[in-house]
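**Student:** After the structure tokens below, expect a handful of questions from me.
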Amino acid sequence: MSKQGRRFAREYVWFALALIAILLGSAARAAADEPGPNPKKPTTEELERRIAILEQKLQAQQRAIAELLRSQGQALAQRAQSAEPAPPGAARETPAASPPAAASPPAAAQTAAPAATAAQHPVTEQQAGSATQSNPQIFAGPGGFSFQSPDGANQIRFHGEFDFDGRFYDDNLTPDGSRSTWLLRRARPILEGTFANLFDFRFNPDFAGGKTVIQDAFVAARFNPLFVVTAGKFKEPFGLERLQLSPNNRFIELGLPSDLVPNRDLGLQVSGTYAFPTGTLTYQVGYFNGVADGTSTDANSTPDIDNNDKKDWVARLFAQPFLKTDSLLKYLGAGIAVSYANQVGSAANTLLTSYKTETQRNFFSYDAATTAAGATIANGERLRISPQAYYYYKRFGLLTEYVSESQDVSRTFGTGANALTRRARLKPDSWQVGTTFLMTDDNATFGTVVPKRPFALDQPGWGALEFAARVSQLKLDSATFLTPAGTAAEWFADPSAQAREATAWTLALNWYLTQNVSWNLNYTKTNFDGGAPNGGDRADESAVFTRFQVAF
């Protein structure tokens, strides 16, 4: 480890120890301030007297509300009886033009609910009647905030995610001055809703990175559990770790298979879940604009607009065969995903992309255009296949997936009559295996970890503590770097600059203070084959990542 790398690591370790010491001290002070084992308790007579006072106050409030509703109902009835019918073709009364209510509620009722008076909020008679009868219900909790109609058919829900990351690099690839940084990784206020207990929508903007990106914007119609239609921008149904909600990812960054997996795209999807006696089977079939490996449609040169005329088909089956049983395999899930496209790129739009390590730095790119040759472009079919599975039992969790891709490419060397176009079908692939273990008495899950004893200064709980480990690998097809016999440098990617294989090892420690607040610490080391001059290997990467997350 370099001298500067050791200094960064030492600074972060001291910071972490100091924060833990502060939390321990706060908890100790809170425990010291708690009353002794025999605090003075109120007598039975005092408790009965307090209950009687509360009952009187509640009854008074109920009488005031009933009087308010009765007065408004009488006023609306009188108004409806005295109103003359509008002539045919007359314009309908708008809220702004509505006159005040015919009668005002008693002064006591006005004091109890001034917002109901027409002078403050002019509405039509129909709207006023609806406003007094809907009685919306408001909810707030760890799962977010919402309000809904009494029957639950119409809802608005508010969620959010905030990720503040620290990245500390220790390798020869990172120049001085950029070895450590703090960054806002995600800042997402999320709005969801349901109308008529049938139509769902989701709007998810992201304000991190100094720009605004619409991550999700879609509407879904739940006609039947077996037939749900979704239209808009959302994740293509393909990668298992990619489909996991970002607050539930056990590692700060996704594994190497996600380099080959499509992310968010614009399209139309049909999905459904079939329930059988012991479990469930879910299917998804989508028709999308199509995105390059590991990217979203907002990465196009014209964001959220298709960059070619061809479309992608994506299909996925996922089964939880023992979900409704009490067997050891209850939380076993397995499936397979497939995507297909036939498309041709250009020098300006190759339809190919770069691959990143878990430290978010490029380790492979196809060759761009030079004076001697054109750029490597997609030219024909692209087929992705991904078997995937997870298993959770008590404190233990396992997630694994494999992605195989078959991509037709071409590159033209020379110009004019001497031009030669090379074509090949390249087959990169990637896999990962990740395990988790909760060191506290909590349950592992593909979803949100909910500590049985959340952290609180005045309570004995410390939340949930989780250890995780992952190994992932991405390997490029050897044909990517081959030069035909008798020619010079006629490859699709330069072997002296692009690695042909990357293998990453990651260790993680996750502290879930509550189900909404967590602190994550990752150490990642990546080894490479190739990627350096004279047949050498690219230098290893290593980094420490940390994250402070709030999600609800």
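Naming scheme: A, B, ... for chains in displayed order of the structure tokens; residues 1 onward per chain; ligands 1 onward as shown.
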Got a sec: who's within 7 Å of A:Gly434, counting only C-alpha atoms, leaving out chain neighbours fewer than 3 positions off, as a PyMOL selection string?

**Tutor:** chain A and resi 398-400+469-471

**Student:** Do a neighbour search on A:Gly345 at 12 Å with only C-alpha atoms, toss out local chain neighbours closer than 3 positions, and write the hits as a PDB file with N, CA and C atoms, in the first residue's frame.

**Tutor:**
```
ATOM      1  N   ALA A 292     -27.588  -0.012 -24.501  1.00  0.00           N
ATOM      2  CA  ALA A 292     -26.311  -0.717 -24.519  1.00  0.00           C
ATOM      3  C   ALA A 292     -26.067  -1.372 -23.167  1.00  0.00           C
ATOM      4  N   ASN A 307     -32.025   5.584 -29.812  1.00  0.00           N
ATOM      5  CA  ASN A 307     -30.891   5.961 -30.650  1.00  0.00           C
ATOM      6  C   ASN A 307     -30.767   5.083 -31.898  1.00  0.00           C
ATOM      7  N   ASN A 308     -31.811   4.266 -32.183  1.00  0.00           N
ATOM      8  CA  ASN A 308     -31.843   3.490 -33.423  1.00  0.00           C
ATOM      9  C   ASN A 308     -33.279   3.024 -33.658  1.00  0.00           C
ATOM     10  N   ASP A 309     -33.544   2.489 -34.844  1.00  0.00           N
ATOM     11  CA  ASP A 309     -34.906   2.097 -35.199  1.00  0.00           C
ATOM     12  C   ASP A 309     -35.291   0.716 -34.700  1.00  0.00           C
ATOM     13  N   LYS A 310     -34.324  -0.076 -34.261  1.00  0.00           N
ATOM     14  CA  LYS A 310     -34.608  -1.428 -33.808  1.00  0.00           C
ATOM     15  C   LYS A 310     -35.036  -1.418 -32.340  1.00  0.00           C
ATOM     16  N   ASN A 342     -31.669  -6.963 -32.922  1.00  0.00           N
ATOM     17  CA  ASN A 342     -30.905  -7.020 -34.161  1.00  0.00           C
ATOM     18  C   ASN A 342     -30.733  -5.582 -34.624  1.00  0.00           C
ATOM     19  N   ALA A 348     -20.783   7.333 -35.212  1.00  0.00           N
ATOM     20  CA  ALA A 348     -21.294   8.310 -34.254  1.00  0.00           C
ATOM     21  C   ALA A 348     -22.120   7.663 -33.152  1.00  0.00           C
ATOM     22  N   ASN A 349     -22.628   6.473 -33.415  1.00  0.00           N
ATOM     23  CA  ASN A 349     -23.484   5.780 -32.450  1.00  0.00           C
ATOM     24  C   ASN A 349     -23.200   4.281 -32.569  1.00  0.00           C
ATOM     25  N   THR A 350     -22.155   3.825 -31.881  1.00  0.00           N
ATOM     26  CA  THR A 350     -21.674   2.454 -32.065  1.00  0.00           C
ATOM     27  C   THR A 350     -22.611   1.410 -31.465  1.00  0.00           C
ATOM     28  N   LEU A 351     -23.490   1.790 -30.543  1.00  0.00           N
ATOM     29  CA  LEU A 351     -24.375   0.885 -29.807  1.00  0.00           C
ATOM     30  C   LEU A 351     -23.593  -0.095 -28.928  1.00  0.00           C
ATOM     31  N   LEU A 352     -22.328   0.228 -28.666  1.00  0.00           N
ATOM     32  CA  LEU A 352     -21.489  -0.516 -27.737  1.00  0.00           C
ATOM     33  C   LEU A 352     -21.086   0.406 -26.600  1.00  0.00           C
ATOM     34  N   THR A 353     -20.588  -0.156 -25.511  1.00  0.00           N
ATOM     35  CA  THR A 353     -20.284   0.667 -24.353  1.00  0.00           C
ATOM     36  C   THR A 353     -19.019   0.176 -23.674  1.00  0.00           C
ATOM     37  N   GLY A 374     -11.951   2.443 -38.827  1.00  0.00           N
ATOM     38  CA  GLY A 374     -13.162   2.993 -38.242  1.00  0.00           C
ATOM     39  C   GLY A 374     -13.389   2.442 -36.845  1.00  0.00           C
ATOM     40  N   ALA A 375     -14.442   2.890 -36.210  1.00  0.00           N
ATOM     41  CA  ALA A 375     -14.767   2.421 -34.865  1.00  0.00           C
ATOM     42  C   ALA A 375     -15.370   1.020 -34.937  1.00  0.00           C
ATOM     43  N   THR A 376     -15.197   0.273 -33.854  1.00  0.00           N
ATOM     44  CA  THR A 376     -15.897  -1.002 -33.716  1.00  0.00           C
ATOM     45  C   THR A 376     -17.360  -0.708 -33.410  1.00  0.00           C
ATOM     46  N   ILE A 377     -18.274  -1.328 -34.169  1.00  0.00           N
ATOM     47  CA  ILE A 377     -19.703  -1.041 -34.002  1.00  0.00           C
ATOM     48  C   ILE A 377     -20.484  -2.345 -33.851  1.00  0.00           C
ATOM     49  N   ALA A 378     -21.651  -2.252 -33.220  1.00  0.00           N
ATOM     50  CA  ALA A 378     -22.588  -3.381 -33.211  1.00  0.00           C
ATOM     51  C   ALA A 378     -23.145  -3.539 -34.611  1.00  0.00           C
ATOM     52  N   ASN A 379     -23.205  -4.801 -35.095  1.00  0.00           N
ATOM     53  CA  ASN A 379     -23.638  -5.008 -36.468  1.00  0.00           C
ATOM     54  C   ASN A 379     -24.310  -6.377 -36.590  1.00  0.00           C
ATOM     55  N   GLY A 380     -25.555  -6.460 -36.118  1.00  0.00           N
ATOM     56  CA  GLY A 380     -26.278  -7.715 -36.198  1.00  0.00           C
ATOM     57  C   GLY A 380     -26.966  -8.053 -34.885  1.00  0.00           C
ATOM     58  N   GLU A 381     -27.041  -9.332 -34.581  1.00  0.00           N
ATOM     59  CA  GLU A 381     -27.814  -9.799 -33.436  1.00  0.00           C
ATOM     60  C   GLU A 381     -27.066  -9.596 -32.117  1.00  0.00           C
ATOM     61  N   ASP A 408     -22.874  -9.450 -32.298  1.00  0.00           N
ATOM     62  CA  ASP A 408     -22.232  -9.290 -33.609  1.00  0.00           C
ATOM     63  C   ASP A 408     -21.623  -7.900 -33.717  1.00  0.00           C
ATOM     64  N   VAL A 409     -20.350  -7.839 -34.127  1.00  0.00           N
ATOM     65  CA  VAL A 409     -19.666  -6.558 -34.277  1.00  0.00           C
ATOM     66  C   VAL A 409     -18.945  -6.537 -35.624  1.00  0.00           C
ATOM     67  N   SER A 410     -18.535  -5.331 -36.026  1.00  0.00           N
ATOM     68  CA  SER A 410     -17.721  -5.192 -37.233  1.00  0.00           C
ATOM     69  C   SER A 410     -16.827  -3.973 -37.094  1.00  0.00           C
ATOM     70  N   ARG A 411     -15.754  -3.973 -37.894  1.00  0.00           N
ATOM     71  CA  ARG A 411     -14.845  -2.823 -37.934  1.00  0.00           C
ATOM     72  C   ARG A 411     -14.195  -2.776 -39.310  1.00  0.00           C
TER      73      ARG A 411
END
```

**Student:** Env of A:Thr357: 9 Å cut, atoms = only C-alpha atoms, seq-sep filter 6 positions within chain, self excluded. Answer as a list in words.

**Tutor:**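 Those residues are Gly255, Leu256, Asp259, Phe363, Ala502, Thr503, Ala504, Thr526 and Glu541 of chain A.
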
**Student:** Looking at A:Pro142, A:Pro321, A:Pro225, A:Pro262, which one is nearest to A:Val449, with distances taken over only C-alpha atoms?

**Tutor:**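 Smallest distance to A:Val449 is found for A:Pro142.
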
**Student:** Once DSSP has gone over the backbone, tell me which residues of stretch 176-367 of chain A are in strand (DSSP E or B), as number ranges by chain.

**Tutor:** A: 180-195, 199-206, 213-224, 227-235, 264-276, 279-288, 312-320, 331-344, 355-356, 362-364

**Student:** Can you write out as JSON lines which residues of stretch 344-395 of chain A fall within 10 Å of stretch 317-320 of chain A, alongside each residue's closest atom pair and its distance in Å to one decimal, counting only C-alpha atoms and ordering rows by chain and ascending residue number?

**Tutor:**
```
{"residue": "A:Pro387", "atom": "CA", "partner": "A:Phe318", "partner_atom": "CA", "distance": 9.7}
{"residue": "A:Gln388", "atom": "CA", "partner": "A:Phe318", "partner_atom": "CA", "distance": 8.6}
{"residue": "A:Ala389", "atom": "CA", "partner": "A:Phe318", "partner_atom": "CA", "distance": 8.7}
{"residue": "A:Tyr390", "atom": "CA", "partner": "A:Gln320", "partner_atom": "CA", "distance": 9.8}
{"residue": "A:Tyr391", "atom": "CA", "partner": "A:Gln320", "partner_atom": "CA", "distance": 9.9}
```

**Student:** Using atom CA of A:Trp511 and atom CA of A:Phe467 as the two end points, give the distance in Å to one decimal.

**Tutor:**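 Spanning atom CA of A:Trp511 to atom CA of A:Phe467 is a straight-line distance of 9.0 Å.
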
**Student:** Please, which residues of stretch 199-367 of chain A, numbered as in this document, come out helix (DSSP H, G or I) from DSSP, as a PDB file with N, CA, C and O atoms, in the first residue's frame?

**Tutor:**
```
ATOM      1  N   ALA A 208     -28.863  13.802  -7.881  1.00  0.00           N
ATOM      2  CA  ALA A 208     -27.458  13.641  -7.520  1.00  0.00           C
ATOM      3  C   ALA A 208     -26.565  13.934  -8.725  1.00  0.00           C
ATOM      4  O   ALA A 208     -27.010  13.961  -9.877  1.00  0.00           O
ATOM      5  N   GLY A 209     -25.274  14.130  -8.437  1.00  0.00           N
ATOM      6  CA  GLY A 209     -24.304  14.332  -9.510  1.00  0.00           C
ATOM      7  C   GLY A 209     -24.409  15.663 -10.213  1.00  0.00           C
ATOM      8  O   GLY A 209     -23.882  15.828 -11.320  1.00  0.00           O
ATOM      9  N   GLY A 210     -25.084  16.637  -9.617  1.00  0.00           N
ATOM     10  CA  GLY A 210     -25.185  17.953 -10.232  1.00  0.00           C
ATOM     11  C   GLY A 210     -26.079  18.009 -11.450  1.00  0.00           C
ATOM     12  O   GLY A 210     -25.979  18.926 -12.261  1.00  0.00           O
ATOM     13  N   LEU A 240     -30.754  -9.898 -11.880  1.00  0.00           N
ATOM     14  CA  LEU A 240     -31.319 -10.116 -10.549  1.00  0.00           C
ATOM     15  C   LEU A 240     -30.884  -9.034  -9.571  1.00  0.00           C
ATOM     16  O   LEU A 240     -31.722  -8.433  -8.887  1.00  0.00           O
ATOM     17  N   GLU A 241     -29.584  -8.767  -9.478  1.00  0.00           N
ATOM     18  CA  GLU A 241     -29.114  -7.734  -8.558  1.00  0.00           C
ATOM     19  C   GLU A 241     -29.581  -6.354  -9.011  1.00  0.00           C
ATOM     20  O   GLU A 241     -29.881  -5.489  -8.198  1.00  0.00           O
ATOM     21  N   ARG A 242     -29.651  -6.149 -10.327  1.00  0.00           N
ATOM     22  CA  ARG A 242     -30.125  -4.866 -10.846  1.00  0.00           C
ATOM     23  C   ARG A 242     -31.589  -4.643 -10.489  1.00  0.00           C
ATOM     24  O   ARG A 242     -32.000  -3.515 -10.202  1.00  0.00           O
ATOM     25  N   LEU A 243     -32.411  -5.693 -10.485  1.00  0.00           N
ATOM     26  CA  LEU A 243     -33.830  -5.546 -10.166  1.00  0.00           C
ATOM     27  C   LEU A 243     -34.086  -5.351  -8.687  1.00  0.00           C
ATOM     28  O   LEU A 243     -35.155  -4.880  -8.287  1.00  0.00           O
ATOM     29  N   SER A 246     -32.406  -0.378  -4.958  1.00  0.00           N
ATOM     30  CA  SER A 246     -31.062   0.070  -4.588  1.00  0.00           C
ATOM     31  C   SER A 246     -30.849   0.151  -3.077  1.00  0.00           C
ATOM     32  O   SER A 246     -29.748  -0.177  -2.602  1.00  0.00           O
ATOM     33  N   PRO A 247     -31.836   0.547  -2.238  1.00  0.00           N
ATOM     34  CA  PRO A 247     -31.573   0.540  -0.791  1.00  0.00           C
ATOM     35  C   PRO A 247     -31.352  -0.861  -0.236  1.00  0.00           C
ATOM     36  O   PRO A 247     -30.821  -1.002   0.871  1.00  0.00           O
ATOM     37  N   ASN A 248     -31.754  -1.892  -0.985  1.00  0.00           N
ATOM     38  CA  ASN A 248     -31.625  -3.269  -0.510  1.00  0.00           C
ATOM     39  C   ASN A 248     -30.393  -3.981  -1.053  1.00  0.00           C
ATOM     40  O   ASN A 248     -30.153  -5.137  -0.688  1.00  0.00           O
ATOM     41  N   LEU A 256     -19.859  -7.183 -11.203  1.00  0.00           N
ATOM     42  CA  LEU A 256     -19.462  -7.093 -12.609  1.00  0.00           C
ATOM     43  C   LEU A 256     -20.523  -7.586 -13.589  1.00  0.00           C
ATOM     44  O   LEU A 256     -20.594  -7.070 -14.718  1.00  0.00           O
ATOM     45  N   PRO A 257     -21.389  -8.575 -13.251  1.00  0.00           N
ATOM     46  CA  PRO A 257     -22.413  -8.971 -14.239  1.00  0.00           C
ATOM     47  C   PRO A 257     -23.312  -7.827 -14.683  1.00  0.00           C
ATOM     48  O   PRO A 257     -23.827  -7.846 -15.811  1.00  0.00           O
ATOM     49  N   SER A 258     -23.485  -6.821 -13.843  1.00  0.00           N
ATOM     50  CA  SER A 258     -24.364  -5.707 -14.208  1.00  0.00           C
ATOM     51  C   SER A 258     -23.792  -4.866 -15.339  1.00  0.00           C
ATOM     52  O   SER A 258     -24.502  -4.041 -15.914  1.00  0.00           O
ATOM     53  N   ASP A 259     -22.488  -5.063 -15.674  1.00  0.00           N
ATOM     54  CA  ASP A 259     -21.921  -4.393 -16.850  1.00  0.00           C
ATOM     55  C   ASP A 259     -22.564  -4.876 -18.139  1.00  0.00           C
ATOM     56  O   ASP A 259     -22.600  -4.155 -19.139  1.00  0.00           O
ATOM     57  N   THR A 297     -31.479   4.498 -20.742  1.00  0.00           N
ATOM     58  CA  THR A 297     -31.793   5.298 -21.926  1.00  0.00           C
ATOM     59  C   THR A 297     -31.427   6.769 -21.751  1.00  0.00           C
ATOM     60  O   THR A 297     -31.250   7.487 -22.726  1.00  0.00           O
ATOM     61  N   ASP A 298     -31.277   7.240 -20.495  1.00  0.00           N
ATOM     62  CA  ASP A 298     -30.851   8.628 -20.296  1.00  0.00           C
ATOM     63  C   ASP A 298     -29.388   8.829 -20.660  1.00  0.00           C
ATOM     64  O   ASP A 298     -28.917   9.968 -20.717  1.00  0.00           O
ATOM     65  N   ALA A 299     -28.619   7.746 -20.899  1.00  0.00           N
ATOM     66  CA  ALA A 299     -27.226   7.863 -21.311  1.00  0.00           C
ATOM     67  C   ALA A 299     -27.085   8.069 -22.812  1.00  0.00           C
ATOM     68  O   ALA A 299     -25.968   8.288 -23.307  1.00  0.00           O
TER      69      ALA A 299
END
```

**Student:** Write out as a count of residues only which residues come within 9 Å of A:Ala464 when counting only C-alpha atoms, dropping same-chain ones fewer than 3 positions away.

**Tutor:** 19

**Student:** Determine the nearest neighbour of A:Asp540 from the options A:Gly166, A:Glu501, A:Pro277, A:Arg316, counting only C-alpha atoms.

**Tutor:**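 So, comparing all the options, the nearest one is A:Glu501.
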
**Student:** Nearest to A:Ile336 among A:Ile305, A:Leu281, A:Leu268, A:Ala368, with distances taken over only C-alpha atoms: which residue is it?

**Tutor:**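 Nearest to A:Ile336: A:Leu281.
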
**Student:** Name all residues at most 6 Å from A:Gly286 (count only C-alpha atoms; drop same-chain ones fewer than 4 positions away) and give them as a VMD selection string.

**Tutor:** chain A and resid 268 to 269 313 to 314

**Student:** Could you take the residues named above and write them with all heavy atoms, as a PDB file, in the first residue's frame?

**Tutor:**
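Once written, selection03.pdb looks like this:
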```pdb
ATOM      1  N   LEU A 268     -42.894  -1.050 -23.204  1.00  0.00           N
ATOM      2  CA  LEU A 268     -44.186  -1.597 -22.802  1.00  0.00           C
ATOM      3  C   LEU A 268     -43.960  -3.021 -22.300  1.00  0.00           C
ATOM      4  O   LEU A 268     -43.261  -3.805 -22.950  1.00  0.00           O
ATOM      5  CB  LEU A 268     -45.152  -1.597 -23.991  1.00  0.00           C
ATOM      6  CG  LEU A 268     -46.579  -2.073 -23.734  1.00  0.00           C
ATOM      7  CD1 LEU A 268     -47.322  -1.065 -22.859  1.00  0.00           C
ATOM      8  CD2 LEU A 268     -47.321  -2.251 -25.065  1.00  0.00           C
ATOM      9  N   GLN A 269     -44.559  -3.354 -21.160  1.00  0.00           N
ATOM     10  CA  GLN A 269     -44.335  -4.663 -20.551  1.00  0.00           C
ATOM     11  C   GLN A 269     -45.654  -5.284 -20.109  1.00  0.00           C
ATOM     12  O   GLN A 269     -46.550  -4.590 -19.619  1.00  0.00           O
ATOM     13  CB  GLN A 269     -43.409  -4.527 -19.341  1.00  0.00           C
ATOM     14  CG  GLN A 269     -43.218  -5.806 -18.548  1.00  0.00           C
ATOM     15  CD  GLN A 269     -42.336  -5.607 -17.335  1.00  0.00           C
ATOM     16  OE1 GLN A 269     -41.121  -5.499 -17.447  1.00  0.00           O
ATOM     17  NE2 GLN A 269     -42.944  -5.533 -16.152  1.00  0.00           N
ATOM     18  N   TRP A 313     -36.480  -7.146 -27.368  1.00  0.00           N
ATOM     19  CA  TRP A 313     -37.427  -8.011 -26.685  1.00  0.00           C
ATOM     20  C   TRP A 313     -36.754  -8.555 -25.432  1.00  0.00           C
ATOM     21  O   TRP A 313     -35.611  -9.015 -25.486  1.00  0.00           O
ATOM     22  CB  TRP A 313     -37.847  -9.176 -27.574  1.00  0.00           C
ATOM     23  CG  TRP A 313     -38.821  -8.804 -28.659  1.00  0.00           C
ATOM     24  CD1 TRP A 313     -38.539  -8.536 -29.967  1.00  0.00           C
ATOM     25  CD2 TRP A 313     -40.233  -8.664 -28.509  1.00  0.00           C
ATOM     26  NE1 TRP A 313     -39.694  -8.228 -30.643  1.00  0.00           N
ATOM     27  CE2 TRP A 313     -40.756  -8.308 -29.774  1.00  0.00           C
ATOM     28  CE3 TRP A 313     -41.114  -8.807 -27.435  1.00  0.00           C
ATOM     29  CZ2 TRP A 313     -42.103  -8.095 -29.996  1.00  0.00           C
ATOM     30  CZ3 TRP A 313     -42.468  -8.601 -27.653  1.00  0.00           C
ATOM     31  CH2 TRP A 313     -42.952  -8.246 -28.913  1.00  0.00           C
ATOM     32  N   VAL A 314     -37.459  -8.510 -24.308  1.00  0.00           N
ATOM     33  CA  VAL A 314     -36.925  -9.023 -23.046  1.00  0.00           C
ATOM     34  C   VAL A 314     -37.991  -9.889 -22.390  1.00  0.00           C
ATOM     35  O   VAL A 314     -39.170  -9.508 -22.337  1.00  0.00           O
ATOM     36  CB  VAL A 314     -36.527  -7.885 -22.084  1.00  0.00           C
ATOM     37  CG1 VAL A 314     -35.895  -8.453 -20.819  1.00  0.00           C
ATOM     38  CG2 VAL A 314     -35.560  -6.921 -22.754  1.00  0.00           C
TER      39      VAL A 314
END
```

**Student:** Dump as JSON lines the rows for residues of stretch 438-531 of chain A within 10 Å of stretch 162-165 of chain A: closest atom pair and distance in Å with one decimal, only C-alpha atoms counted, ordered by chain and rising residue number.

**Tutor:**
```
{"residue": "A:Val517", "atom": "CA", "partner": "A:Phe162", "partner_atom": "CA", "distance": 9.7}
{"residue": "A:Ser518", "atom": "CA", "partner": "A:Asp163", "partner_atom": "CA", "distance": 9.8}
{"residue": "A:Trp519", "atom": "CA", "partner": "A:Phe164", "partner_atom": "CA", "distance": 9.9}
{"residue": "A:Asn520", "atom": "CA", "partner": "A:Asp165", "partner_atom": "CA", "distance": 9.2}
{"residue": "A:Leu521", "atom": "CA", "partner": "A:Asp165", "partner_atom": "CA", "distance": 9.8}
```

**Student:** Would you compute the distance between atom CA of A:Ala493 and atom CA of A:Val344? Give it in Å to one decimal.

**Tutor:**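 Pair atom CA of A:Ala493 / atom CA of A:Val344 returns 18.3 Å.
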